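Engineer: Quick one, data-v8.cif (mmCIF, C-alpha atoms (C1' of nucleotides)):
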```
data_upload
#
loop_
_atom_site.label_atom_id
_atom_site.label_comp_id
_atom_site.auth_asym_id
_atom_site.auth_seq_id
_atom_site.Cartn_x
_atom_site.Cartn_y
_atom_site.Cartn_z
CA MET A 68 124.14 123.30 101.82
CA SER A 69 125.65 121.51 98.86
CA LEU A 70 124.17 123.99 96.41
CA ARG A 71 126.84 126.52 97.33
CA TYR A 72 129.57 124.01 96.56
CA ALA A 73 127.93 122.90 93.36
CA LEU A 74 127.90 126.53 92.25
CA ILE A 75 131.55 127.08 93.14
CA ALA A 76 132.48 123.82 91.44
CA LEU A 77 130.83 124.93 88.21
CA LEU A 78 132.32 128.41 88.36
CA THR A 79 135.85 127.08 88.75
CA GLY A 80 135.49 125.87 85.15
CA ARG A 81 134.69 129.32 83.78
CA PRO A 82 132.95 132.50 84.98
CA MET A 83 129.22 132.38 84.36
CA THR A 84 126.03 134.35 84.86
CA GLY A 85 123.16 132.98 86.92
CA TYR A 86 121.40 132.26 83.67
CA ASP A 87 124.33 130.24 82.33
CA ILE A 88 124.39 128.20 85.52
CA SER A 89 120.67 127.66 85.38
CA LYS A 90 121.01 126.31 81.84
CA SER A 91 123.89 124.03 82.84
CA PHE A 92 121.83 122.76 85.75
CA SER A 93 119.07 121.86 83.31
CA ARG A 94 121.37 120.07 80.90
CA SER A 95 124.07 117.50 81.48
CA VAL A 96 125.46 119.01 84.70
CA ALA A 97 122.01 118.24 86.12
CA HIS A 98 123.02 114.59 86.47
CA VAL A 99 125.33 115.57 89.30
CA TRP A 100 123.35 118.50 90.69
CA HIS A 101 120.21 120.41 89.86
CA ALA A 102 118.48 123.53 91.12
CA PRO A 103 115.89 125.89 89.61
CA ASP A 104 116.85 129.50 88.84
CA SER A 105 114.67 130.70 91.69
CA GLN A 106 117.14 129.03 94.00
CA ILE A 107 120.27 129.96 92.06
CA TYR A 108 119.95 133.75 91.99
CA PRO A 109 119.42 134.22 95.73
CA ALA A 110 122.22 131.75 96.43
CA LEU A 111 124.63 133.69 94.20
CA ASN A 112 123.70 136.93 95.94
CA ARG A 113 124.25 135.44 99.36
CA MET A 114 127.55 133.90 98.31
CA GLU A 115 128.75 137.22 96.95
CA ARG A 116 127.77 138.86 100.22
CA ASP A 117 129.74 136.15 102.03
CA GLY A 118 132.78 136.84 99.85
CA LEU A 119 132.85 133.47 98.11
CA LEU A 120 132.16 135.02 94.74
CA THR A 121 132.61 138.37 93.02
CA SER A 122 130.49 139.59 90.17
CA VAL A 123 131.51 141.61 87.13
CA GLU A 124 128.95 143.61 85.19
CA VAL A 125 129.25 142.64 81.54
CA PRO A 126 127.50 144.68 78.82
CA TRP A 127 124.79 142.81 77.00
CA GLY A 128 123.31 144.50 73.93
CA LYS A 129 123.03 148.28 74.04
CA LYS A 130 121.47 149.07 77.39
CA ALA A 131 121.47 145.90 79.42
CA THR A 132 124.18 144.26 81.47
CA LYS A 133 124.55 140.85 83.00
CA LYS A 134 126.40 139.72 86.08
CA GLU A 135 129.24 137.29 85.58
CA TYR A 136 130.28 135.51 88.74
CA HIS A 137 133.88 134.61 89.55
CA VAL A 138 135.11 132.41 92.38
CA THR A 139 137.24 134.29 94.90
CA ASP A 140 140.24 132.84 96.72
CA ALA A 141 138.05 132.59 99.81
CA GLY A 142 135.45 130.72 97.80
CA LEU A 143 138.00 128.30 96.44
CA ALA A 144 139.42 127.77 99.92
CA GLU A 145 135.98 127.00 101.31
CA PHE A 146 135.32 124.63 98.43
CA ARG A 147 138.57 122.75 99.03
CA GLU A 148 137.77 122.57 102.72
CA TRP A 149 134.39 121.04 101.96
CA MET A 150 135.97 118.65 99.47
CA GLU A 151 138.31 117.36 102.15
CA SER A 152 135.87 117.32 105.06
CA PRO A 153 134.10 114.08 105.91
CA GLN A 154 130.75 113.65 104.24
CA VAL A 155 127.82 112.97 106.55
CA PRO A 156 125.82 110.32 104.71
CA GLN A 157 122.22 111.39 104.72
CA TRP A 158 119.03 109.38 105.05
CA GLN A 159 117.87 107.72 101.91
CA ARG A 160 114.42 109.06 101.19
CA ASP A 161 113.07 107.83 97.89
CA PRO A 162 109.27 107.73 97.45
CA ALA A 163 109.66 104.81 95.04
CA TYR A 164 110.83 102.55 97.88
CA LEU A 165 108.11 103.82 100.18
CA LYS A 166 105.54 102.93 97.56
CA ALA A 167 107.08 99.55 96.86
CA ALA A 168 106.86 98.61 100.53
CA TYR A 169 103.08 99.14 100.33
CA PHE A 170 102.28 97.80 96.88
CA ASP A 171 99.63 95.59 98.48
CA PHE A 172 97.48 98.72 98.87
CA ALA A 173 97.32 99.29 95.14
CA ASP A 174 95.76 97.45 92.25
CA PRO A 175 98.33 95.10 90.65
CA GLU A 176 97.66 96.55 87.21
CA ALA A 177 98.28 100.07 88.51
CA VAL A 178 101.52 98.86 90.05
CA ARG A 179 102.56 97.25 86.78
CA GLU A 180 101.86 100.47 84.96
CA GLN A 181 103.96 102.43 87.42
CA LEU A 182 106.82 100.00 87.07
CA ARG A 183 106.64 100.47 83.31
CA GLN A 184 106.86 104.24 83.76
CA GLN A 185 109.76 103.94 86.15
CA GLN A 186 111.46 101.61 83.72
CA ALA A 187 110.99 104.05 80.84
CA TYR A 188 112.35 106.88 82.94
CA TRP A 189 115.43 105.01 84.09
CA GLU A 190 116.16 103.65 80.62
CA GLU A 191 116.06 107.14 79.19
CA HIS A 192 118.10 108.45 82.09
CA LEU A 193 120.66 105.68 81.62
CA ALA A 194 120.97 106.47 77.91
CA MET A 195 121.62 110.13 78.73
CA LEU A 196 124.22 109.19 81.29
CA GLU A 197 126.01 106.93 78.84
CA ASP A 198 125.90 109.61 76.16
CA THR A 199 127.35 112.15 78.54
CA ARG A 200 129.99 109.69 79.72
CA ALA A 201 131.08 109.25 76.10
CA THR A 202 131.44 113.01 75.58
CA LEU A 203 133.51 113.19 78.75
CA ALA A 204 135.77 110.35 77.58
CA ASP A 205 136.46 111.98 74.22
CA ARG A 206 136.58 115.43 75.84
CA THR A 207 133.91 116.96 73.62
CA HIS A 208 131.65 117.76 76.57
CA PRO A 209 131.45 121.59 76.35
CA THR A 210 131.62 122.38 80.06
CA LEU A 211 134.49 119.96 80.49
CA ALA A 212 136.29 121.24 77.39
CA ALA A 213 136.15 124.81 78.72
CA ARG A 214 137.45 123.60 82.05
CA ILE A 215 140.45 121.66 80.81
CA ALA A 216 141.43 124.16 78.11
CA LYS A 217 143.66 126.00 80.56
CA LEU A 218 145.10 122.88 82.20
CA GLY A 219 148.18 120.80 81.44
CA GLU A 220 147.74 117.23 80.24
CA ARG A 221 148.31 115.69 83.67
CA GLU A 222 145.69 117.91 85.34
CA ALA A 223 143.31 117.43 82.43
CA GLU A 224 143.67 113.66 82.74
CA LEU A 225 142.80 113.75 86.45
CA THR A 226 139.83 116.04 85.86
CA VAL A 227 138.43 113.84 83.13
CA ARG A 228 138.98 110.59 84.97
CA TYR A 229 137.16 111.77 88.08
CA LYS A 230 134.24 113.08 86.07
CA ILE A 231 134.00 109.71 84.36
CA TYR A 232 134.23 108.00 87.73
CA ALA A 233 131.25 110.01 88.99
CA TYR A 234 129.27 109.10 85.89
CA ASP A 235 130.19 105.43 86.22
CA GLY A 236 128.64 105.56 89.68
CA LEU A 237 125.47 107.15 88.37
CA ILE A 238 125.31 104.59 85.56
CA ALA A 239 125.72 101.71 88.00
CA ARG A 240 122.97 103.19 90.11
CA ALA A 241 120.62 103.45 87.14
CA ARG A 242 121.33 99.84 86.17
CA THR A 243 120.59 98.74 89.73
CA GLU A 244 117.25 100.55 89.64
CA LEU A 245 116.37 98.87 86.36
CA ALA A 246 117.26 95.43 87.72
CA TRP A 247 115.07 96.11 90.75
CA ILE A 248 112.18 97.12 88.51
CA GLN A 249 112.63 93.87 86.57
CA ASP A 250 112.38 91.97 89.84
CA GLY A 251 109.20 93.93 90.52
CA PHE A 252 107.58 92.63 87.34
CA ALA A 253 108.60 89.09 88.25
CA LEU A 254 107.15 89.47 91.74
CA LEU A 255 103.87 90.79 90.37
CA ASP A 256 103.65 87.85 88.01
CA GLU A 257 104.29 85.43 90.83
CA LEU A 258 101.81 86.97 93.26
CA HIS A 259 99.01 87.91 90.86
CA GLY A 260 99.44 85.68 87.83
CA THR A 261 100.75 86.81 84.44
CA MET B 80 104.72 115.68 100.12
CA SER B 81 105.62 112.05 100.68
CA LEU B 82 105.78 112.52 104.44
CA ARG B 83 101.99 112.55 104.62
CA TYR B 84 101.82 109.23 102.82
CA ALA B 85 104.58 107.73 104.90
CA LEU B 86 102.58 108.66 108.00
CA ILE B 87 99.35 107.17 106.68
CA ALA B 88 101.19 104.04 105.58
CA LEU B 89 102.59 103.54 109.06
CA LEU B 90 99.27 104.25 110.75
CA THR B 91 97.42 101.68 108.64
CA GLY B 92 99.42 99.08 110.57
CA ARG B 93 98.20 100.25 113.96
CA PRO B 94 97.11 103.53 115.60
CA MET B 95 100.05 105.43 117.04
CA THR B 96 100.98 108.62 118.84
CA GLY B 97 103.36 111.12 117.30
CA TYR B 98 105.95 109.83 119.70
CA ASP B 99 105.50 106.24 118.54
CA ILE B 100 105.89 107.35 114.94
CA SER B 101 108.97 109.34 115.76
CA LYS B 102 110.54 106.26 117.35
CA SER B 103 109.63 104.09 114.37
CA PHE B 104 111.14 106.67 112.05
CA SER B 105 114.37 106.45 114.02
CA ARG B 106 114.51 102.66 113.97
CA SER B 107 114.03 100.19 111.16
CA VAL B 108 111.21 102.05 109.40
CA ALA B 109 113.79 104.78 108.86
CA HIS B 110 115.28 102.74 106.02
CA VAL B 111 112.21 103.51 103.95
CA TRP B 112 111.42 106.95 105.35
CA HIS B 113 112.71 109.25 108.05
CA ALA B 114 111.66 112.54 109.62
CA PRO B 115 112.43 114.27 112.93
CA ASP B 116 109.64 114.75 115.47
CA SER B 117 109.67 118.49 114.82
CA GLN B 118 108.31 117.66 111.39
CA ILE B 119 105.99 114.86 112.48
CA TYR B 120 103.84 116.71 115.03
CA PRO B 121 102.94 119.64 112.77
CA ALA B 122 102.28 117.22 109.91
CA LEU B 123 99.90 115.15 112.04
CA ASN B 124 98.05 118.29 113.10
CA ARG B 125 97.69 119.46 109.54
CA MET B 126 96.54 116.04 108.40
CA GLU B 127 93.93 115.91 111.13
CA ARG B 128 92.73 119.35 110.08
CA ASP B 129 92.53 118.03 106.49
CA GLY B 130 90.46 115.07 107.64
CA LEU B 131 93.01 112.41 106.74
CA LEU B 132 93.45 111.38 110.37
CA THR B 133 91.45 111.51 113.58
CA SER B 134 92.98 111.56 117.02
CA VAL B 135 91.75 109.85 120.16
CA GLU B 136 92.82 111.07 123.58
CA VAL B 137 94.16 108.10 125.48
CA PRO B 138 94.83 108.30 129.23
CA TRP B 139 98.45 107.94 130.16
CA GLY B 140 99.31 107.61 133.83
CA LYS B 141 97.07 109.50 136.26
CA LYS B 142 96.83 112.99 134.87
CA ALA B 143 98.26 112.95 131.38
CA THR B 144 96.80 111.88 128.08
CA LYS B 145 98.33 111.15 124.71
CA LYS B 146 96.92 111.51 121.24
CA GLU B 147 96.56 108.36 119.23
CA TYR B 148 96.10 108.93 115.53
CA HIS B 149 93.86 106.80 113.35
CA VAL B 150 93.60 106.85 109.57
CA THR B 151 90.17 107.97 108.34
CA ASP B 152 88.43 106.59 105.26
CA ALA B 153 89.34 109.82 103.50
CA GLY B 154 92.97 109.32 104.51
CA LEU B 155 93.01 105.77 103.24
CA ALA B 156 91.38 106.87 99.99
CA GLU B 157 93.98 109.57 99.47
CA PHE B 158 96.73 107.08 100.24
CA ARG B 159 95.39 104.59 97.72
CA GLU B 160 95.10 107.35 95.16
CA TRP B 161 98.73 108.30 95.70
CA MET B 162 99.76 104.66 95.54
CA GLU B 163 98.15 104.30 92.13
CA SER B 164 99.16 107.67 90.68
CA PRO B 165 102.26 107.85 88.51
CA GLN B 166 105.42 108.69 90.40
CA VAL B 167 107.39 111.64 89.09
CA PRO B 168 111.01 110.52 89.40
CA GLN B 169 112.93 113.29 91.03
CA TRP B 170 116.41 114.58 90.39
CA GLN B 171 119.18 112.59 91.94
CA ARG B 172 121.03 114.95 94.23
CA ASP B 173 123.69 113.14 96.20
CA PRO B 174 126.63 115.22 97.47
CA ALA B 175 128.85 112.13 97.24
CA TYR B 176 128.62 112.19 93.44
CA LEU B 177 129.15 115.93 93.33
CA LYS B 178 132.31 115.48 95.35
CA ALA B 179 133.51 112.55 93.29
CA ALA B 180 133.24 114.61 90.11
CA TYR B 181 135.70 117.11 91.61
CA PHE B 182 138.08 114.82 93.47
CA ASP B 183 140.95 116.51 91.62
CA PHE B 184 140.44 119.53 93.92
CA ALA B 185 141.23 117.51 97.02
CA ASP B 186 144.33 115.83 98.36
CA PRO B 187 144.39 112.14 97.32
CA GLU B 188 144.90 111.05 100.91
CA ALA B 189 141.89 113.06 102.06
CA VAL B 190 139.87 111.45 99.29
CA ARG B 191 141.04 108.00 100.35
CA GLU B 192 140.00 108.75 103.91
CA GLN B 193 136.57 109.86 102.79
CA LEU B 194 136.12 106.74 100.72
CA ARG B 195 136.98 104.69 103.79
CA GLN B 196 134.34 106.53 105.79
CA GLN B 197 131.74 106.07 103.09
CA GLN B 198 132.65 102.42 102.91
CA ALA B 199 132.26 101.99 106.66
CA TYR B 200 128.90 103.74 106.58
CA TRP B 201 127.52 101.67 103.72
CA GLU B 202 128.79 98.43 105.16
CA GLU B 203 127.06 99.14 108.43
CA HIS B 204 123.95 100.28 106.62
CA LEU B 205 123.96 97.14 104.49
CA ALA B 206 124.26 94.96 107.59
CA MET B 207 121.26 96.71 109.16
CA LEU B 208 119.24 96.28 105.98
CA GLU B 209 120.06 92.59 105.83
CA ASP B 210 119.17 92.15 109.49
CA THR B 211 115.86 93.87 108.97
CA ARG B 212 115.16 91.88 105.85
CA ALA B 213 115.64 88.69 107.87
CA THR B 214 113.16 89.83 110.53
CA LEU B 215 110.66 90.59 107.78
CA ALA B 216 111.14 87.17 106.21
CA ASP B 217 110.53 85.32 109.47
CA ARG B 218 107.82 87.83 110.45
CA THR B 219 109.41 88.78 113.75
CA HIS B 220 109.71 92.46 112.76
CA PRO B 221 107.50 94.14 115.40
CA THR B 222 105.86 96.74 113.16
CA LEU B 223 105.19 94.12 110.52
CA ALA B 224 103.93 91.60 113.07
CA ALA B 225 101.41 94.12 114.42
CA ARG B 226 100.31 94.88 110.87
CA ILE B 227 99.71 91.32 109.70
CA ALA B 228 98.16 90.11 112.97
CA LYS B 229 94.70 91.09 111.75
CA LEU B 230 95.18 89.86 108.19
CA GLY B 231 94.48 86.51 106.55
CA GLU B 232 97.38 84.42 105.28
CA ARG B 233 97.00 85.54 101.69
CA GLU B 234 97.03 89.24 102.60
CA ALA B 235 99.87 88.69 105.07
CA GLU B 236 101.89 86.97 102.35
CA LEU B 237 101.45 89.91 99.97
CA THR B 238 102.32 92.42 102.67
CA VAL B 239 105.47 90.57 103.65
CA ARG B 240 106.64 89.94 100.10
CA TYR B 241 106.34 93.59 99.12
CA LYS B 242 108.20 94.74 102.21
CA ILE B 243 110.97 92.29 101.38
CA TYR B 244 110.95 93.53 97.80
CA ALA B 245 111.50 97.09 98.99
CA TYR B 246 114.37 95.98 101.20
CA ASP B 247 115.93 93.96 98.39
CA GLY B 248 116.00 97.18 96.40
CA LEU B 249 117.69 99.05 99.23
CA ILE B 250 120.19 96.22 99.67
CA ALA B 251 121.03 96.20 95.97
CA ARG B 252 121.51 99.94 96.13
CA ALA B 253 123.88 99.65 99.10
CA ARG B 254 125.90 96.97 97.32
CA THR B 255 126.16 99.18 94.24
CA GLU B 256 127.46 102.04 96.37
CA LEU B 257 130.06 99.76 97.91
CA ALA B 258 131.21 98.51 94.51
CA TRP B 259 131.54 102.11 93.34
CA ILE B 260 133.63 102.96 96.39
CA GLN B 261 135.89 99.99 95.62
CA ASP B 262 136.36 101.37 92.11
CA GLY B 263 137.26 104.68 93.74
CA PHE B 264 140.12 103.10 95.65
CA ALA B 265 141.36 101.44 92.47
CA LEU B 266 141.20 104.73 90.59
CA LEU B 267 143.15 106.55 93.29
CA ASP B 268 145.81 103.84 93.21
CA GLU B 269 146.09 104.15 89.46
CA LEU B 270 146.25 107.94 89.36
CA HIS B 271 148.35 108.62 92.45
CA GLY B 272 150.28 105.42 93.12
CA THR B 273 149.53 102.93 95.89
"C1'" DA C 87 107.84 146.98 62.15
"C1'" DC C 88 106.64 143.68 65.06
"C1'" DA C 89 105.87 139.28 67.18
"C1'" DA C 90 107.91 135.15 68.98
"C1'" DG C 91 111.23 133.35 71.53
"C1'" DC C 92 115.43 133.77 74.06
"C1'" DT C 93 118.44 135.93 77.78
"C1'" DA C 94 118.59 137.70 82.23
"C1'" DT C 95 117.19 138.52 87.07
"C1'" DC C 96 114.21 138.35 90.66
"C1'" DT C 97 109.93 137.68 93.99
"C1'" DA C 98 106.22 134.95 96.24
"C1'" DT C 99 104.41 131.04 98.30
"C1'" DG C 100 104.26 126.86 100.70
"C1'" DG C 101 105.84 122.69 102.08
"C1'" DA C 102 110.28 119.90 103.34
"C1'" DT C 103 114.11 119.49 106.25
"C1'" DA C 104 117.69 119.81 110.09
"C1'" DT C 105 119.05 121.51 114.40
"C1'" DA C 106 117.99 123.11 118.63
"C1'" DG C 107 115.43 123.99 122.00
"C1'" DT C 108 110.92 124.06 125.88
"C1'" DG C 109 108.20 121.90 129.25
"C1'" DA C 110 105.33 118.68 131.55
"C1'" DG C 111 104.15 114.00 132.96
"C1'" DT C 112 105.67 108.98 133.92
"C1'" DT C 113 108.35 105.09 135.32
"C1'" DG C 114 111.77 102.47 137.58
"C1'" DG C 115 115.73 101.88 140.45
"C1'" DC C 116 118.04 102.80 144.58
"C1'" DG D 37 111.48 109.91 148.48
"C1'" DC D 38 114.17 111.26 144.83
"C1'" DC D 39 116.67 111.35 140.57
"C1'" DA D 40 117.52 109.72 135.94
"C1'" DA D 41 115.71 108.26 131.91
"C1'" DC D 42 112.00 108.07 129.17
"C1'" DT D 43 107.42 109.53 127.07
"C1'" DC D 44 104.85 113.00 124.92
"C1'" DA D 45 103.95 117.25 122.41
"C1'" DC D 46 105.29 121.27 120.70
"C1'" DT D 47 107.95 125.81 119.08
"C1'" DA D 48 111.71 128.47 116.78
"C1'" DT D 49 114.82 129.28 113.25
"C1'" DA D 50 116.81 128.87 109.04
"C1'" DT D 51 117.67 126.85 104.91
"C1'" DC D 52 116.17 123.83 101.00
"C1'" DC D 53 113.34 123.05 97.21
"C1'" DA D 54 109.59 123.26 93.63
"C1'" DT D 55 106.20 125.74 91.23
"C1'" DA D 56 104.67 129.81 89.59
"C1'" DG D 57 104.87 134.22 87.98
"C1'" DA D 58 106.82 139.18 87.16
"C1'" DT D 59 109.69 142.21 84.47
"C1'" DA D 60 112.67 143.86 81.04
"C1'" DG D 61 115.86 143.79 77.34
"C1'" DC D 62 117.69 141.28 73.17
"C1'" DT D 63 117.65 138.66 68.66
"C1'" DT D 64 115.75 136.89 64.67
"C1'" DG D 65 112.56 135.97 61.04
"C1'" DT D 66 109.02 137.66 58.20
#
```
What's the structure tokens form of this structure?
Structural biologist:
Amino acid sequence: MSLRYALIALLTGRPMTGYDISKSFSRSVAHVWHAPDSQIYPALNRMERDGLLTSVEVPWGKKATKKEYHVTDAGLAEFREWMESPQVPQWQRDPAYLKAAYFDFADPEAVREQLRQQQAYWEEHLAMLEDTRATLADRTHPTLAARIAKLGEREAELTVRYKIYAYDGLIARARTELAWIQDGFALLDELHGT
Amino acid sequence: MSLRYALIALLTGRPMTGYDISKSFSRSVAHVWHAPDSQIYPALNRMERDGLLTSVEVPWGKKATKKEYHVTDAGLAEFREWMESPQVPQWQRDPAYLKAAYFDFADPEAVREQLRQQQAYWEEHLAMLEDTRATLADRTHPTLAARIAKLGEREAELTVRYKIYAYDGLIARARTELAWIQDGFALLDELHGT
DNA sequence: ACAAGCTATCTATGGATATAGTGAGTTGGC
DNA sequence: GCCAACTCACTATATCCATAGATAGCTTGT
């Protein structure tokens, strides 16, 4: 259900086509939410049908057009309502923890190799998060820049600070994962020799 | 796809009916994986069709029977293969972070209230995790006890240590969430007064 | 002039997931 | 003897999500 709100959230920054959104969802916005285009286009259609969005046909080249989606007042109202409604925390369901609980079924070397891969992934992910956080802090992040262009300094400050807050949470999470992976190496060493 | 492996993992401990599994998935095993019974029964049927499990009709009362599922050699082989295959880390998609990035759209008091709710949830969750971790460490956890009953001390030690390792990861994650929520309160105070 | 690659939108398939039911048998307490 | 609570298995519906592929126009470099 959150996809709808992620879409509205993005579109409050500036009107976009499904393609634009899809690209954003593959780049830095993906840290907060991601969906493939095959999910985005039907969702946009349904949301337009539900009156949360309106689309404007924009010429593209000589013959073609593209559909630019705008958030309606109803859409914004529903977004605000969601923002202020209590969040039902959902079950944690991460295959990495499932695997870890059963590491005794796998060869220690295979486990070590997987930990190395997880480590590489999270280190890269962490670097991306920190890069993005920096572009938020200096306001060069393109999506953010477009968003705050029309805002006063006070509003811009709030917007930026909350984005950074979200990223600080993601960064802390990534660091926690990396620390856990480190503990995994230590445990392997202890249980199966170095 | 991980549901299949979660089911095999559980069934390697002892044969169970769909109902047993459903109960386990609602209790402490739920920390590592959870699914409703409406997902479990069809999955078990499909897995039996695929040869990963076999079922034995066990009498229950005078007229009724129940189906007890056992892991086949093929099922165990597929589980081991999964355990040793590289894990594709999936996108993080937590609505809490999506919301946090757009807190400026909500009333500060509503945000504060939500943070309180999140805090309460994670504190309770953390307490449950720590309780469960303790029952793993002293081997009184019923599912674990059934699992290690047939194992030698060396194997039991490995099994227990890896379970504890998984829980330590979940505990660290919960603590990180709580620290982030604390930062949220501090940020609200700074941006909107105490 | 044309191919390669990008922009743009959409469909198909199949499993994952949540919520909400149906229905039959069993067990235990009063 | 009966009712409530529990055990057991399953179905229905609807959305979520990932992977894959279809189609068509546009832009750019050679």
Engineer: What do you get for the Cα RMSD if chain A is superposed onto chain B using all Cα atoms in their order?
Structural biologist: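 The root-mean-square deviation of C-alpha positions is 0.1 Å.
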Engineer: So that I can check the surroundings of Arg179 of chain A, please list as number ranges by chain every protein, DNA and RNA residue that reaches within 10 Å of it, counting only C-alpha atoms (C1' of nucleotides) and ignoring chain neighbours fewer than 2 positions away.
Structural biologist: A: 174-177, 181-185, 248, 251-252, 255-256; B: 163
Engineer: Given the choices B:Tyr120, B:Tyr148, B:Tyr200, B:Trp112, which gets closest to Gln159 of chain A if the distance is worked out from only C-alpha atoms?
Structural biologist: B:Trp112
Engineer: With only C-alpha atoms considered, list every residue of chain B at most 6 Å from chain A, as an MDAnalysis selection string.
Structural biologist: chainID B and resid 111:112 162:163 165 172 176:177 179:180 183 185 189 193 238 241:242 245 248 259
Engineer: If I take atom CA of Pro82 of chain A and atom CA of Thr139 of chain A, how far is one from the other in Å, to one decimal?
Structural biologist: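 Separation of atom CA of Pro82 of chain A and atom CA of Thr139 of chain A: 11.0 Å.
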Engineer: Which is closer to chain B than all the others in D:DA60, D:DA54, D:DC46, D:DT66, using all atoms listed in the file?
Structural biologist: D:DC46
Engineer: For atom CA of Ile75 of chain A and atom CA of Val138 of chain A, determine how far apart the two atoms are, in Å to one decimal place.
Structural biologist: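 Between these atoms lies a distance of 6.5 Å.
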Engineer: I'd like a table as a tab-separated table: residues in chain C with an atom no more than 10 Å from chain A, each row giving the shortest atom pair and its distance in Å to one decimal, only C-alpha atoms (C1' of nucleotides) counted, sorted by chain and rising residue number.
Structural biologist:
```
residue	atom	partner	partner_atom	distance
C:DT93	C1'	A:Tyr86	CA	7.5
C:DA94	C1'	A:Tyr86	CA	6.3
C:DT95	C1'	A:Tyr108	CA	7.4
C:DC96	C1'	A:Tyr108	CA	7.5
C:DT97	C1'	A:Ser105	CA	8.7
```
Engineer: Using the selection just defined, write its residues with C-alpha atoms (C1' of nucleotides) as a JSON list (two decimals), in the coordinates of the input.
Structural biologist:
```json
[["chain", "number", "residue", "atom", "x", "y", "z"],
["C", 93, "DT", "C1'", 118.44, 135.93, 77.78],
["C", 94, "DA", "C1'", 118.59, 137.70, 82.23],
["C", 95, "DT", "C1'", 117.19, 138.52, 87.07],
["C", 96, "DC", "C1'", 114.21, 138.35, 90.66],
["C", 97, "DT", "C1'", 109.93, 137.68, 93.99]]
```
Engineer: Record the distance separating atom CA of Arg226 of chain B and atom CA of Thr91 of chain B, expressed in Å with one decimal.
Structural biologist: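 Interatomic distance, atom CA of Arg226 of chain B to atom CA of Thr91 of chain B: 7.7 Å.
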Engineer: Complete the atoms of segment 164-176 of chain B to N, CA and C atoms and put them out as an mmCIF file, in the frame of the given file.
Structural biologist:
```
data_model
loop_
_atom_site.group_PDB
_atom_site.id
_atom_site.type_symbol
_atom_site.label_atom_id
_atom_site.label_comp_id
_atom_site.auth_asym_id
_atom_site.auth_seq_id
_atom_site.Cartn_x
_atom_site.Cartn_y
_atom_site.Cartn_z
ATOM 1 N N SER B 164 98.847 106.577 91.610
ATOM 2 C CA SER B 164 99.160 107.670 90.680
ATOM 3 C C SER B 164 100.615 107.554 90.250
ATOM 4 N N PRO B 165 100.886 107.981 89.017
ATOM 5 C CA PRO B 165 102.260 107.850 88.510
ATOM 6 C C PRO B 165 103.245 108.652 89.358
ATOM 7 N N GLN B 166 104.379 108.065 89.591
ATOM 8 C CA GLN B 166 105.420 108.690 90.400
ATOM 9 C C GLN B 166 106.316 109.537 89.501
ATOM 10 N N VAL B 167 106.474 110.796 89.846
ATOM 11 C CA VAL B 167 107.390 111.640 89.090
ATOM 12 C C VAL B 167 108.804 111.403 89.640
ATOM 13 N N PRO B 168 109.668 110.782 88.872
ATOM 14 C CA PRO B 168 111.010 110.520 89.400
ATOM 15 C C PRO B 168 111.732 111.835 89.581
ATOM 16 N N GLN B 169 112.307 112.002 90.747
ATOM 17 C CA GLN B 169 112.930 113.290 91.030
ATOM 18 C C GLN B 169 114.429 113.251 90.760
ATOM 19 N N TRP B 170 114.986 114.447 90.616
ATOM 20 C CA TRP B 170 116.410 114.580 90.390
ATOM 21 C C TRP B 170 117.213 113.845 91.451
ATOM 22 N N GLN B 171 118.233 113.178 91.001
ATOM 23 C CA GLN B 171 119.180 112.590 91.940
ATOM 24 C C GLN B 171 120.076 113.718 92.426
ATOM 25 N N ARG B 172 120.177 113.867 93.737
ATOM 26 C CA ARG B 172 121.030 114.950 94.230
ATOM 27 C C ARG B 172 121.825 114.453 95.417
ATOM 28 N N ASP B 173 122.888 113.723 95.136
ATOM 29 C CA ASP B 173 123.690 113.140 96.200
ATOM 30 C C ASP B 173 125.053 113.830 96.240
ATOM 31 N N PRO B 174 125.356 114.506 97.358
ATOM 32 C CA PRO B 174 126.630 115.220 97.470
ATOM 33 C C PRO B 174 127.834 114.333 97.200
ATOM 34 N N ALA B 175 127.715 113.025 97.455
ATOM 35 C CA ALA B 175 128.850 112.130 97.240
ATOM 36 C C ALA B 175 129.270 112.121 95.770
ATOM 37 N N TYR B 176 128.296 112.200 94.860
ATOM 38 C CA TYR B 176 128.620 112.190 93.440
ATOM 39 C C TYR B 176 129.164 113.539 93.000
#
```
